[in-house]
Amino acid sequence: MGQYRKLWWTLIGILAVTFSLLGYVGVEVYRKAPPVPARVVTENQQLMMTRDSILDGQTAWQSVGGMQLGSIWGHGAYQAPDWTADWLHREITAWLQLAARDEYGKAYAELNGEQQNALRYALKTAYRTNTYDPETGTLVVSARRAQAIAQTADYYRRLFSDAPKLRSTRQSYAMKENTLPDPERREKMTQFFFWTAWAAATERSPGGATYTNNWPHEPLIDNKPTAENIIWSITSVVLLIAGVGFLVWGWAFLRAEDEEKITAPAQDPITTFALTPSQQALGKYLFVVVALFTLQVFLGGFTAHYTVEGQSFYGIDVSQWFPYSLVRTWHIQAALFWIATGFLAAGLFLVPIINGGRDPRFQKLGVDILFWALVLVVVGSFAGNFLAIAQLLPPEWSFWLGHQGYEYVDLGRLWQIGKFLGVVFWLVLMLRGIVPALRQPGDKNLLALLTASVMAIGLFYGAGLAYGERTHISVMEYWRWWVVHLWVEGFFEVFATAALSFIFCSMGLVSRTMATTASLASASLFLLGGVPGTFHHLYFSGTTTPVMAVGATFSALEVVPLVVLGYEAWENWRLKQRAPWMQNVKWPLLFFVGVAFWNMLGAGVFGFMINPPISLYYVQGLNTSATHAHGALFGVYGLLALGFTLLVLRYIRPHMQFNDKLMSTGFWWLNIGLAMMLFTSLLPIGIIQFAASASKGMWYARSEALLQSDLLHTLRWVRTIGDVVFIVGALAVSLQVVKGLFLPTAARQGEAAPSRVNSSRAAAE
């Protein structure tokens with residue numbers, strides 16, 4: 001460790017503490033998850049449903065797209081309702097109508113205020129009182145509630161079929177006709193929806209919060225923010241302000257002690273290595289990146305259009321084959337695939353450089369095998385998604401070959417296992433070049449950090465295999481966010497930081513000491529907030545107060561390191577002035593600058609906008625979440641993957657010269673288009689929904705009445721302008737990559753090839 005001993009021990013200590021928290025509170029998730037009753041019966045012991053039938057309903061919901069069609073407990077797609085909030089409101093409204101007829105012989109709306117208040121008090125008592133017996137596993141509901149459940153279930157059975165009277169509602173929700181054809185599975189799915197609403201309305205202990213910490217906001221039964229919610233929200237804001245203050249203070253001292261800038265070499269050191277066979281084989285990876293990127297962008301426009309024409313695309317009814325739930329699945333999965341491919345390609349490009357300019361034995365064969373395995377997983381998972389949502393797969397195969405139903409890990413379990421094995425194989429290919437370099441003399445601290453991040457990426461995706469088809473949804477959410485938050489937002493962030501530092505160090509643009517120090521400090525800051533910050537996704541997923549406390553406290557710290565990323569990006573951009581040859585990579589550098597901007601805005605500002613418990617209580621599952629998701633996923637990881645793609649392209653095609661017109665169009669139109677999407681459509685819609693959620697309840701914020709109002713309808717049409725601008729930018733970048741890969745040298749408007757000579761010196765030294 002040498003001079004970096006304190007930094008290493010700080011990082012190790014942070015990982016030890018934060019993963020201990022993650023594990024300890026994770027055990028609480030298992031222990032305190034809302035019970036799934038063995039039997040649900042009426043007061044006269046009439047059986048209504050069983051644990052098996054509820055879990056059968058969960059698998060039926062997964063098979064139609066799950067979180068890609070509406071949401072459960074706020075997690076999922078934004079166009080159809082949150083089924084938990086919607087079921088709960090419909091059921092309690094039906095209960096009030098039944099009670100009004102029984103008690104007063106009138107409709108509820110016809111009662112005077114005193115009578116309505118009396119019924120609402122009785123409603124609150126009936127719904128918040130926990131009638132589950134843990135010893136027998138039996139949940140008892142009143143006869144009146146059983147009637148309300150039956151009425152609500154009948155509505156859902158008709159909604160998910162092709163009942164003519166609800167066709168306009170299905171169009172509003174972007175649902176295809178006969179979404180779930182099997183009547184028996186529809187019935188069981190209504191039982192799963194009921195159970196999620198029961199957990200959201202029933203107090204965990206007398207006088208306490210519900211199993212979902214009083215989410216969703218539902219005034220009729222007094223579901224409102226808890227005291228703990230408010231306390232930990234204030235705590236998170238205070239910690240954010242304190243963290244930013246300490247960081248700026250400390251940063252001023254650190255920058256004051258910076259070493260003098262080193263003299264850049266006369267020639268790019270990376271070009272002193274002859275291209276190896278494995279590096280030359282990376283062209284097909286870059287093509288897949290832009291091919292999937294282009295597909296994903298057009299699928300995004302297709303998906304967005306379904307929010308204004310629920311079953312049609314400019315008048316053409318395509319929903320029976322390519323419904324909203326399917327194209328949204330493909331849109332998200334394509335993004336994850338091309339972004340991951342960009343990162344994998346960057347890592348594989350570095351291996352020979354780390355290994356002294358040489359390929360490990362059979363490295364090219366390994367690179368080729370990994371590529372075709374990637375293609376198989378992409379094609380297989382996309383086909384499986386189609387077959388599952390079209391209900392063409394047998395129910396028992398849907399989870400394994402078709403659709404898991406969970407956002408970001410939608411691909412069938414078989415394809416998920418294939419993806420995990422592929423990432424592990426990538427880890428092996430990386431280590432074959434890294435391990436020999438680690439054995440060489442010299443300062444290996446930066447390489448050690450890069451190695452650790454590579455191992456984390458290779459192994460932590462396996463967390464997505466920790467749950468099964470019938471796993472309790474609270475437990476599933478715990479492991480799903482290990483993948484979506486910890487794997488992607490945590491370890492990919494550390495890998496990107498270490499990889500960029502290694503590249504700039506290998507170029508001779510920054511000293512090894514400064515690159516190592518900055519990378520270790522950044523990794524500590526990212527992971528301090530990022531690891532336990534995983535829990536900010538789980539406030540209302542059937543968890544207890546400790547989850548809220550840990551999540552709110554540490555997620556505030558996630559924003560802190562983003563404050564200085566803009567400055568670091570500017571420093572990276574200024575590197576192009578160090579030597580004339582740096583102009584060759586100015587466009588990848590500019591993409592890295594864009595990453596820092598969106599890290600600050602998309603991940604930082606928009607992330608913290610929804611992260612405090614009091615905020616997320618009202619906005620979880622609204623377009624405010626989509627604002628953060630687009631700004632962070634594409635703005636940060638998308639631009640970063642494109643930057644890596646362009647950088648690798650520049651080196652594996654040394655005669656190529658970037659077309660400034662294409663690249664300028666690509667960079668600026670992508671960023672401007674993304675900003676237009678967010679500020680002219682997603683964010684305004686989210687703010688309007690937030691007001692509706694806070695005033696009337698979550699059910700209304702996602703209701704047909706609000707979503708199809710004239711103003712929101714217009715705002716969704718306005719998004720088309722930003723989408724078109726974004727698509728133009730995407731096509732420009734993709735065209736540049738394709739031209740660089742496939743056009744003859746003379747057609748690339750190229751420059752003389754940089755001199756490449758074999759060198760035995762290790763770039764890591």
# chains A, B, ... in the order shown; residues from 1 in each chain; ligands from 1
>>> select_by_dssp(residues="range 623-763 of chain A", states="alpha helix (DSSP H)", output="PyMOL selection string")
chain A and resi 623-632+639-652+660-677+683-695+698-701+704-707+710-742
>>> residues_around(residues="Val141 in chain A", least_positions_apart="5", cutoff="10 Å", atoms="only C-alpha atoms", output="number ranges by chain")
A: 40-46, 48, 126-127, 130-132, 146-147, 149
>>> closest_atom_pairs(of="range 278-371 of chain A", to="range 397-403 of chain A", cutoff="12 Å", atoms="only C-alpha atoms", output="tab-separated table")
residue	atom	partner	partner_atom	distance
A:Ser325	CA	A:His403	CA	10.7
A:Leu326	CA	A:His403	CA	9.7
A:Thr329	CA	A:His403	CA	9.1
A:Trp330	CA	A:His403	CA	11.0
A:Gln333	CA	A:His403	CA	11.4
>>> write_last_selection(atoms="N, CA, C and O atoms", output="short mmCIF file (atom, residue, chain, number, x, y, z; two decimals), in the first residue's frame")
data_model
loop_
_atom_site.label_atom_id
_atom_site.label_comp_id
_atom_site.auth_asym_id
_atom_site.auth_seq_id
_atom_site.Cartn_x
_atom_site.Cartn_y
_atom_site.Cartn_z
N SER A 325 -46.12 -2.89 -22.73
CA SER A 325 -45.31 -3.63 -21.76
C SER A 325 -44.12 -4.30 -22.44
O SER A 325 -43.04 -4.41 -21.84
N LEU A 326 -44.27 -4.74 -23.68
CA LEU A 326 -43.17 -5.39 -24.40
C LEU A 326 -42.14 -4.38 -24.86
O LEU A 326 -40.93 -4.56 -24.64
N THR A 329 -40.16 -3.05 -22.05
CA THR A 329 -39.18 -4.06 -21.63
C THR A 329 -37.96 -4.02 -22.53
O THR A 329 -36.82 -3.96 -22.06
N TRP A 330 -38.19 -4.07 -23.83
CA TRP A 330 -37.08 -4.05 -24.79
C TRP A 330 -36.29 -2.75 -24.69
O TRP A 330 -35.05 -2.76 -24.82
N GLN A 333 -34.15 -3.09 -21.50
CA GLN A 333 -33.14 -4.14 -21.64
C GLN A 333 -32.09 -3.80 -22.69
O GLN A 333 -30.90 -4.08 -22.50
#
>>> closest_atom_pairs(of="range 606-683 of chain A", to="range 691-712 of chain A", cutoff="12 Å", atoms="only C-alpha atoms", output="JSON lines")
{"residue": "A:Ile614", "atom": "CA", "partner": "A:Ala694", "partner_atom": "CA", "distance": 10.7}
{"residue": "A:Ser615", "atom": "CA", "partner": "A:Ala694", "partner_atom": "CA", "distance": 10.0}
{"residue": "A:Leu616", "atom": "CA", "partner": "A:Ser693", "partner_atom": "CA", "distance": 11.0}
{"residue": "A:Tyr617", "atom": "CA", "partner": "A:Ala694", "partner_atom": "CA", "distance": 9.1}
{"residue": "A:Tyr618", "atom": "CA", "partner": "A:Ser693", "partner_atom": "CA", "distance": 5.8}
{"residue": "A:Val619", "atom": "CA", "partner": "A:Ser693", "partner_atom": "CA", "distance": 7.3}
{"residue": "A:Gln620", "atom": "CA", "partner": "A:Met698", "partner_atom": "CA", "distance": 8.9}
{"residue": "A:Gly621", "atom": "CA", "partner": "A:Arg702", "partner_atom": "CA", "distance": 8.5}
{"residue": "A:Leu622", "atom": "CA", "partner": "A:Arg702", "partner_atom": "CA", "distance": 7.5}
{"residue": "A:Asn623", "atom": "CA", "partner": "A:Arg702", "partner_atom": "CA", "distance": 9.8}
{"residue": "A:Thr624", "atom": "CA", "partner": "A:Ala691", "partner_atom": "CA", "distance": 11.6}
{"residue": "A:Thr680", "atom": "CA", "partner": "A:Leu712", "partner_atom": "CA", "distance": 11.1}
{"residue": "A:Ser681", "atom": "CA", "partner": "A:Leu712", "partner_atom": "CA", "distance": 8.5}
{"residue": "A:Leu682", "atom": "CA", "partner": "A:Leu712", "partner_atom": "CA", "distance": 9.9}
{"residue": "A:Leu683", "atom": "CA", "partner": "A:Leu712", "partner_atom": "CA", "distance": 11.3}
>>> write_last_selection(atoms="N, CA and C atoms", output="tab-separated table (two decimals), in the first residue's frame")
chain	number	residue	atom	x	y	z
A	614	ILE	N	-39.90	11.71	2.88
A	614	ILE	CA	-41.12	12.51	2.76
A	614	ILE	C	-41.42	12.84	1.31
A	615	SER	N	-40.37	13.00	0.51
A	615	SER	CA	-40.57	13.26	-0.91
A	615	SER	C	-41.02	11.99	-1.62
A	616	LEU	N	-40.29	10.89	-1.38
A	616	LEU	CA	-40.61	9.66	-2.08
A	616	LEU	C	-41.99	9.14	-1.70
A	617	TYR	N	-42.46	9.47	-0.50
A	617	TYR	CA	-43.79	9.05	-0.08
A	617	TYR	C	-44.85	9.52	-1.07
A	618	TYR	N	-44.69	10.73	-1.58
A	618	TYR	CA	-45.69	11.28	-2.49
A	618	TYR	C	-45.36	11.06	-3.96
A	619	VAL	N	-44.08	10.89	-4.32
A	619	VAL	CA	-43.72	10.86	-5.74
A	619	VAL	C	-43.25	9.50	-6.24
A	620	GLN	N	-43.15	8.50	-5.35
A	620	GLN	CA	-42.72	7.18	-5.83
A	620	GLN	C	-43.71	6.67	-6.86
A	621	GLY	N	-43.18	6.30	-8.03
A	621	GLY	CA	-44.04	5.79	-9.08
A	621	GLY	C	-44.62	6.86	-9.98
A	622	LEU	N	-44.15	8.11	-9.85
A	622	LEU	CA	-44.63	9.19	-10.72
A	622	LEU	C	-43.54	9.56	-11.72
A	623	ASN	N	-43.84	10.49	-12.61
A	623	ASN	CA	-42.88	10.87	-13.64
A	623	ASN	C	-41.67	11.62	-13.09
A	624	THR	N	-41.70	12.00	-11.82
A	624	THR	CA	-40.49	12.53	-11.20
A	624	THR	C	-39.42	11.45	-11.13
A	680	THR	N	-39.51	19.71	-20.67
A	680	THR	CA	-40.76	20.09	-21.33
A	680	THR	C	-41.87	19.06	-21.13
A	681	SER	N	-41.52	17.87	-20.62
A	681	SER	CA	-42.54	16.83	-20.50
A	681	SER	C	-42.47	16.07	-19.18
A	682	LEU	N	-41.43	15.27	-18.99
A	682	LEU	CA	-41.40	14.37	-17.83
A	682	LEU	C	-41.48	15.11	-16.50
A	683	LEU	N	-40.66	16.13	-16.33
A	683	LEU	CA	-40.65	16.85	-15.06
A	683	LEU	C	-41.95	17.62	-14.81
>>> residues_around(residues="Asp410 in chain A", least_positions_apart="4", cutoff="10 Å", atoms="only C-alpha atoms", output="list in words")
Gln62, Gly65, Gly66, Met67, Gln68, Thr329, Trp330, Ile332, Gln333, Ser381, Phe382, Gly384, Asn385, Phe399, Gly402, His403, Gln404, Gly405, Tyr406, Trp415 and Gln416 of chain A
>>> closest_residue(among="A:Met175, A:Leu678, A:Ala99, A:Cys505", to="Ser142 in chain A", atoms="only C-alpha atoms")
A:Ala99
>>> residues_around(residues="His536 in chain A", least_positions_apart="6", cutoff="12 Å", atoms="only C-alpha atoms", output="short mmCIF file (atom, residue, chain, number, x, y, z; two decimals) with C-alpha atoms, in the first residue's frame")
data_model
loop_
_atom_site.label_atom_id
_atom_site.label_comp_id
_atom_site.auth_asym_id
_atom_site.auth_seq_id
_atom_site.Cartn_x
_atom_site.Cartn_y
_atom_site.Cartn_z
CA LEU A 22 -26.55 -3.92 4.18
CA ASN A 229 -40.62 9.56 7.75
CA TRP A 232 -35.32 10.90 8.71
CA SER A 233 -36.16 13.23 5.84
CA SER A 236 -31.03 13.44 5.22
CA GLU A 477 -36.91 -6.08 -4.08
CA TYR A 478 -33.98 -6.29 -1.68
CA TRP A 481 -31.76 -3.36 -5.98
CA TRP A 482 -28.45 -5.06 -5.33
CA HIS A 485 -28.39 0.18 -7.56
CA LEU A 486 -25.33 -1.53 -6.09
CA GLY A 529 -23.28 6.58 0.33
CA GLY A 530 -23.89 4.08 -2.44
CA THR A 543 -39.90 -2.93 5.30
CA THR A 545 -38.12 1.85 10.14
CA PRO A 546 -34.41 0.78 10.19
CA VAL A 547 -34.51 0.48 6.40
CA MET A 548 -35.81 4.05 6.18
CA ALA A 549 -33.25 5.32 8.69
CA VAL A 550 -30.23 3.77 6.96
CA GLY A 551 -31.48 4.56 3.46
CA ALA A 552 -32.28 8.21 4.19
CA THR A 553 -29.02 8.80 6.06
CA PHE A 554 -26.65 7.37 3.50
CA SER A 555 -28.49 8.19 0.30
CA ALA A 556 -27.99 11.86 1.17
CA LEU A 557 -24.25 11.21 1.10
CA GLU A 558 -24.51 9.74 -2.42
CA GLY A 607 -32.00 11.94 -7.48
CA PHE A 608 -32.11 13.87 -4.22
CA ILE A 610 -37.06 12.11 -4.83
CA ASN A 611 -34.79 10.38 -2.28
CA PRO A 612 -35.84 11.82 1.13
CA PRO A 613 -38.62 9.64 2.59
CA ILE A 614 -41.12 12.51 2.76
CA SER A 615 -40.57 13.26 -0.91
CA LEU A 616 -40.61 9.66 -2.08
CA TYR A 617 -43.79 9.05 -0.08
CA GLN A 620 -42.72 7.18 -5.83
#
>>> atom_distance(atom1="CA of Tyr173 in chain A", atom2="CA of Pro34 in chain A")
28.4 Å
>>> closest_residue(among="A:Ile389, A:Leu21, A:Val297, A:Met455", to="Gly729 in chain A", atoms="only C-alpha atoms")
A:Val297
>>> residues_around(residues="Pro277 in chain A", least_positions_apart="4", cutoff="12 Å", atoms="only C-alpha atoms", output="list in words")
Ala281, Leu282, Gly283, Leu348, Phe349, Val351, Pro352, Gly357, Arg358, Asp359, Pro360, Arg361, Phe362, Gln363, Lys364, Leu365, Gly366, Val367, Asp368 and Ile652 of chain A
>>> residues_around(residues="Ala499 in chain A", least_positions_apart="2", cutoff="9 Å", atoms="only C-alpha atoms", output="mmCIF file with all heavy atoms, in the first residue's frame")
data_model
loop_
_atom_site.group_PDB
_atom_site.id
_atom_site.type_symbol
_atom_site.label_atom_id
_atom_site.label_comp_id
_atom_site.auth_asym_id
_atom_site.auth_seq_id
_atom_site.Cartn_x
_atom_site.Cartn_y
_atom_site.Cartn_z
ATOM 1 N N ALA A 346 -14.388 -1.553 -23.198
ATOM 2 C CA ALA A 346 -13.325 -0.707 -22.642
ATOM 3 C C ALA A 346 -12.369 -1.542 -21.795
ATOM 4 O O ALA A 346 -11.141 -1.383 -21.877
ATOM 5 C CB ALA A 346 -13.929 0.419 -21.811
ATOM 6 N N GLY A 347 -12.918 -2.432 -20.979
ATOM 7 C CA GLY A 347 -12.069 -3.288 -20.159
ATOM 8 C C GLY A 347 -11.194 -4.197 -21.002
ATOM 9 O O GLY A 347 -9.983 -4.333 -20.752
ATOM 10 N N LEU A 350 -8.213 -2.538 -22.526
ATOM 11 C CA LEU A 350 -7.117 -2.227 -21.601
ATOM 12 C C LEU A 350 -6.233 -3.432 -21.290
ATOM 13 O O LEU A 350 -5.073 -3.252 -20.894
ATOM 14 C CB LEU A 350 -7.685 -1.667 -20.293
ATOM 15 C CG LEU A 350 -8.263 -0.251 -20.327
ATOM 16 C CD1 LEU A 350 -8.875 0.097 -18.987
ATOM 17 C CD2 LEU A 350 -7.183 0.757 -20.698
ATOM 18 N N LEU A 447 -3.796 -0.030 -10.372
ATOM 19 C CA LEU A 447 -4.184 -1.270 -11.032
ATOM 20 C C LEU A 447 -4.937 -2.182 -10.064
ATOM 21 O O LEU A 447 -5.883 -2.874 -10.445
ATOM 22 C CB LEU A 447 -2.942 -1.977 -11.577
ATOM 23 C CG LEU A 447 -3.191 -3.259 -12.377
ATOM 24 C CD1 LEU A 447 -4.110 -2.989 -13.564
ATOM 25 C CD2 LEU A 447 -1.867 -3.852 -12.841
ATOM 26 N N LEU A 450 -8.470 -0.947 -9.922
ATOM 27 C CA LEU A 450 -9.156 -1.352 -11.146
ATOM 28 C C LEU A 450 -9.511 -2.835 -11.088
ATOM 29 O O LEU A 450 -10.620 -3.244 -11.461
ATOM 30 C CB LEU A 450 -8.267 -1.064 -12.355
ATOM 31 C CG LEU A 450 -8.836 -1.443 -13.727
ATOM 32 C CD1 LEU A 450 -10.080 -0.636 -14.046
ATOM 33 C CD2 LEU A 450 -7.787 -1.247 -14.816
ATOM 34 N N VAL A 494 -17.238 2.970 -9.803
ATOM 35 C CA VAL A 494 -15.841 2.816 -9.387
ATOM 36 C C VAL A 494 -14.992 2.336 -10.557
ATOM 37 O O VAL A 494 -13.872 2.821 -10.771
ATOM 38 C CB VAL A 494 -15.742 1.836 -8.201
ATOM 39 C CG1 VAL A 494 -14.278 1.576 -7.844
ATOM 40 C CG2 VAL A 494 -16.480 2.402 -6.992
ATOM 41 N N PHE A 495 -15.509 1.385 -11.344
ATOM 42 C CA PHE A 495 -14.771 0.913 -12.513
ATOM 43 C C PHE A 495 -14.500 2.050 -13.489
ATOM 44 O O PHE A 495 -13.383 2.190 -14.012
ATOM 45 C CB PHE A 495 -15.547 -0.205 -13.213
ATOM 46 C CG PHE A 495 -14.973 -0.595 -14.555
ATOM 47 C CD1 PHE A 495 -13.847 -1.396 -14.629
ATOM 48 C CD2 PHE A 495 -15.546 -0.139 -15.735
ATOM 49 C CE1 PHE A 495 -13.304 -1.747 -15.872
ATOM 50 C CE2 PHE A 495 -15.019 -0.482 -16.971
ATOM 51 C CZ PHE A 495 -13.891 -1.288 -17.041
ATOM 52 N N ALA A 496 -15.524 2.852 -13.748
ATOM 53 C CA ALA A 496 -15.358 3.962 -14.690
ATOM 54 C C ALA A 496 -14.288 4.930 -14.190
ATOM 55 O O ALA A 496 -13.433 5.394 -14.963
ATOM 56 C CB ALA A 496 -16.685 4.687 -14.881
ATOM 57 N N THR A 497 -14.328 5.253 -12.897
ATOM 58 C CA THR A 497 -13.341 6.174 -12.333
ATOM 59 C C THR A 497 -11.934 5.611 -12.452
ATOM 60 O O THR A 497 -11.003 6.303 -12.889
ATOM 61 C CB THR A 497 -13.669 6.448 -10.846
ATOM 62 O OG1 THR A 497 -14.972 7.023 -10.757
ATOM 63 C CG2 THR A 497 -12.657 7.393 -10.232
ATOM 64 N N SER A 501 -8.922 6.954 -14.979
ATOM 65 C CA SER A 501 -7.657 7.366 -14.365
ATOM 66 C C SER A 501 -6.499 6.567 -14.947
ATOM 67 O O SER A 501 -5.424 7.118 -15.224
ATOM 68 C CB SER A 501 -7.716 7.163 -12.851
ATOM 69 O OG SER A 501 -8.683 8.006 -12.267
ATOM 70 N N PHE A 502 -6.706 5.268 -15.142
ATOM 71 C CA PHE A 502 -5.657 4.425 -15.709
ATOM 72 C C PHE A 502 -5.332 4.856 -17.141
ATOM 73 O O PHE A 502 -4.159 4.903 -17.538
ATOM 74 C CB PHE A 502 -6.097 2.967 -15.679
ATOM 75 C CG PHE A 502 -4.999 2.007 -16.016
ATOM 76 C CD1 PHE A 502 -4.166 1.520 -15.030
ATOM 77 C CD2 PHE A 502 -4.784 1.599 -17.324
ATOM 78 C CE1 PHE A 502 -3.134 0.637 -15.343
ATOM 79 C CE2 PHE A 502 -3.763 0.727 -17.643
ATOM 80 C CZ PHE A 502 -2.930 0.242 -16.654
ATOM 81 N N ILE A 503 -6.367 5.167 -17.910
ATOM 82 C CA ILE A 503 -6.144 5.598 -19.297
ATOM 83 C C ILE A 503 -5.361 6.902 -19.335
ATOM 84 O O ILE A 503 -4.369 7.041 -20.071
ATOM 85 C CB ILE A 503 -7.495 5.745 -20.031
ATOM 86 C CG1 ILE A 503 -8.125 4.363 -20.261
ATOM 87 C CG2 ILE A 503 -7.315 6.468 -21.360
ATOM 88 C CD1 ILE A 503 -9.560 4.413 -20.750
ATOM 89 N N PHE A 504 -5.774 7.901 -18.539
ATOM 90 C CA PHE A 504 -5.081 9.188 -18.550
ATOM 91 C C PHE A 504 -3.651 9.045 -18.031
ATOM 92 O O PHE A 504 -2.739 9.706 -18.511
ATOM 93 C CB PHE A 504 -5.847 10.208 -17.713
ATOM 94 C CG PHE A 504 -7.157 10.627 -18.313
ATOM 95 C CD1 PHE A 504 -8.272 10.844 -17.517
ATOM 96 C CD2 PHE A 504 -7.284 10.792 -19.681
ATOM 97 C CE1 PHE A 504 -9.486 11.223 -18.071
ATOM 98 C CE2 PHE A 504 -8.493 11.177 -20.241
ATOM 99 C CZ PHE A 504 -9.593 11.385 -19.443
#
>>> atom_distance(atom1="CA of Leu275 in chain A", atom2="CA of Ser734 in chain A")
23.3 Å
>>> closest_atom_pairs(of="range 394-457 of chain A", to="range 514-524 of chain A", cutoff="10 Å", atoms="only C-alpha atoms", output="JSON lines")
{"residue": "A:Asp443", "atom": "CA", "partner": "A:Thr516", "partner_atom": "CA", "distance": 9.6}
{"residue": "A:Lys444", "atom": "CA", "partner": "A:Thr516", "partner_atom": "CA", "distance": 9.2}
{"residue": "A:Asn445", "atom": "CA", "partner": "A:Thr516", "partner_atom": "CA", "distance": 6.6}
{"residue": "A:Leu446", "atom": "CA", "partner": "A:Thr516", "partner_atom": "CA", "distance": 5.0}
{"residue": "A:Leu447", "atom": "CA", "partner": "A:Thr516", "partner_atom": "CA", "distance": 8.7}
{"residue": "A:Ala448", "atom": "CA", "partner": "A:Thr516", "partner_atom": "CA", "distance": 9.8}
{"residue": "A:Leu449", "atom": "CA", "partner": "A:Leu520", "partner_atom": "CA", "distance": 7.4}
{"residue": "A:Leu450", "atom": "CA", "partner": "A:Ser519", "partner_atom": "CA", "distance": 9.3}
{"residue": "A:Ser453", "atom": "CA", "partner": "A:Ala523", "partner_atom": "CA", "distance": 9.5}
>>> closest_residue(among="A:Ile339, A:Leu590, A:Leu414, A:Ile434", to="Val288 in chain A", atoms="only C-alpha atoms")
A:Ile339
>>> closest_atom_pairs(of="range 67-150 of chain A", to="range 187-203 of chain A", cutoff="7 Å", atoms="only C-alpha atoms", output="CSV")
residue,atom,partner,partner_atom,distance
A:Trp83,CA,A:Phe193,CA,6.5
A:Thr84,CA,A:Ala197,CA,4.9
A:Ala85,CA,A:Ala197,CA,6.8
A:Trp87,CA,A:Ala197,CA,6.4
A:Leu88,CA,A:Ala197,CA,5.3
A:Tyr127,CA,A:Ala201,CA,6.1
A:Arg128,CA,A:Thr202,CA,4.4
A:Thr129,CA,A:Thr202,CA,6.0
A:Asn130,CA,A:Thr202,CA,5.5
>>> atom_distance(atom1="CA of Gln58 in chain A", atom2="CA of Phe460 in chain A")
26.1 Å
>>> closest_residue(among="A:Phe273, A:Trp487, A:Phe592, A:Tyr324", to="Tyr78 in chain A", atoms="only C-alpha atoms")
A:Tyr324
